Amino acid sequence: MTDEHPRIRRGITGLRALLACAVAALCTLAAALPAGATSPTGPASAAPPSHRSALPSPTGPYPVGETTLHLVDRTRPDPWRSDRIHRELMVGVFYPATRTAHRPPAPYMLPAAATHFDRVTANDYLQLGTPTGRADWAGVVTRVTRDAPVAPGRRGRLPVLLYSPGLGEPRTWGTTLAADLASRGYAVVTVDHTYESPEVQFPDGSLATMVAPGDPDAFIRKALAVRVADTGFVLDRLRLLDSGHPDADGQRPPRGLSGSLDLSRVGMFGHSMGGTAAALAMDSDRRITAGIDMDGNLTYLDGSPMPVARHGLDRPFLLLGKDGETDTGPGWRAFRAHTPGWTRQLTLRGSEHASFTDAEALLPQLGLPASVLTGDLGTIAPATAIRTTEAYVAAYFDHWLRGRDGRLLERPSPIYPAMEFVS
């Protein structure tokens, strides 16, 4: 951390509100903190022992496997770091698995990334109110098996879903939803956008952290353009992966993953700025058939609508928002007014911005004050928030990528009373 950290934090206060991103500070100027660095909640030595939390079990019929891939785009220099001649990404691929017994669990975060998340990201960026050292982020139980063989598909190849996290969030912050979708028969690819992501640990142990943002408006516009380019590149690499090609380090996909991806059925979803990126990527890349924006804005910092809000999409797109006052309104209204394709807007009653992330599952396990939990997650019961979100996201992609019944998307359901349809 540096002396400019508080200044940058103050400078981006409007950015957090206008983009509906849970980020109050946007600078990480070094991959490692000085010894003795503290979070806003106090020094690590004063915190109680780390608590090992667990994610909820996926609800689908399949066990879940995950593999991580190191992808290098040799056609593109890194847009954030002039000293990096190629763009490098880390992605996670979740999928329905078999023969998971006696295989190691997939880690939630790698050690260096977990340390940075605990000391910087959790409170400086996401403002979760978690004392440093309270949570064992590397030890979170994921309910996912590492590199297990892919379960043979009973109904053909796996539809592919891309996940883009919010600003200031690592890709792992969406593991609950990604694993649940994989347990229902999807291949779910979660993407870290290097140097905009708070921390990305590479296979050699190196840690890439977020660059200082500078001007907030320019940063957001550039970050969204980079995410769109990253998405297109990942889709290109998935086609090679499906053909059996290894990643940049020579790692080959787990048994059965090659030849199992159906890249004619691709969806994308994201939280906060990741939801914004889903809309922009769909607008740019016709390979993406259906998308979901979970509480991400479609206007820029000056309030002007993004291009996709001005002309809409000709493919299905779902807007899933938090309860109460939200600044997503103008952009979402413009998008719905101009979209010739199918669209719906839903509100998760009693939720807050972070309710669509793993915060909903993990924070209640940390013994935090009720006021902190309500501020982060709202008043909805965690299990209700998680299972309702899972049901609607799965129903949406099942309908548009698998041709299944879409009645849950047509009207309110007595089974999920927390989900409100916005007229």
# chains A, B, ... in the order shown; residues from 1 in each chain; ligands from 1
>>> residues_around(residues="Ile85 (chain A)", least_positions_apart="6", cutoff="9 Å", atoms="only C-alpha atoms", output="ChimeraX atom specification")
/A:74,76-78
>>> residues_around(residues="Asp295 (chain A)", least_positions_apart="4", cutoff="10 Å", atoms="only C-alpha atoms", output="list in words")
Leu19, Ala20, Cys21, Gly166, Gly270, His271, Ser272, Met273, Gly274, Gly275, Thr276, Leu319, Leu320, Gly321, Lys322, Asp323, Thr326, Asp327, Thr328, Trp332, Thr347, Glu352, His353, Ala354, Ser355 and Phe356 of chain A
>>> closest_atom_pairs(of="region 113-149 of chain A", to="region 360-376 of chain A", cutoff="12 Å", atoms="only C-alpha atoms", output="CSV")
residue,atom,partner,partner_atom,distance
A:Ala122,CA,A:Leu363,CA,10.8
A:Asn123,CA,A:Asp376,CA,11.5
A:Leu126,CA,A:Asp376,CA,9.3
A:Gln127,CA,A:Asp376,CA,8.4
A:Leu128,CA,A:Asp376,CA,6.6
A:Gly129,CA,A:Val372,CA,6.5
A:Thr130,CA,A:Leu368,CA,7.2
A:Pro131,CA,A:Leu368,CA,9.0
A:Thr132,CA,A:Leu366,CA,11.6
A:Gly133,CA,A:Leu366,CA,10.8
A:Arg134,CA,A:Leu366,CA,7.1
A:Ala135,CA,A:Leu366,CA,6.8
A:Asp136,CA,A:Leu366,CA,9.9
A:Trp137,CA,A:Leu362,CA,9.6
A:Gly139,CA,A:Leu362,CA,11.9
A:Val140,CA,A:Leu362,CA,8.6
A:Val141,CA,A:Leu362,CA,10.3
A:Thr142,CA,A:Leu362,CA,11.0
>>> residues_around(residues="His245 (chain A)", least_positions_apart="3", cutoff="12 Å", atoms="only C-alpha atoms", output="MDAnalysis selection string")
chainID A and resid 69 71 236:242 248:254 257:259
>>> atom_distance(atom1="CA of Glu66 (chain A)", atom2="CA of Val144 (chain A)")
6.6 Å
>>> residues_around(residues="region 215-230 of chain A", least_positions_apart="3", cutoff="10 Å", atoms="only C-alpha atoms", output="MDAnalysis selection string")
chainID A and resid 8 11:16 19 26 73 76 78:80 87:89 164 167 191:196 212 233:236 273:274 276:285 300:302 306
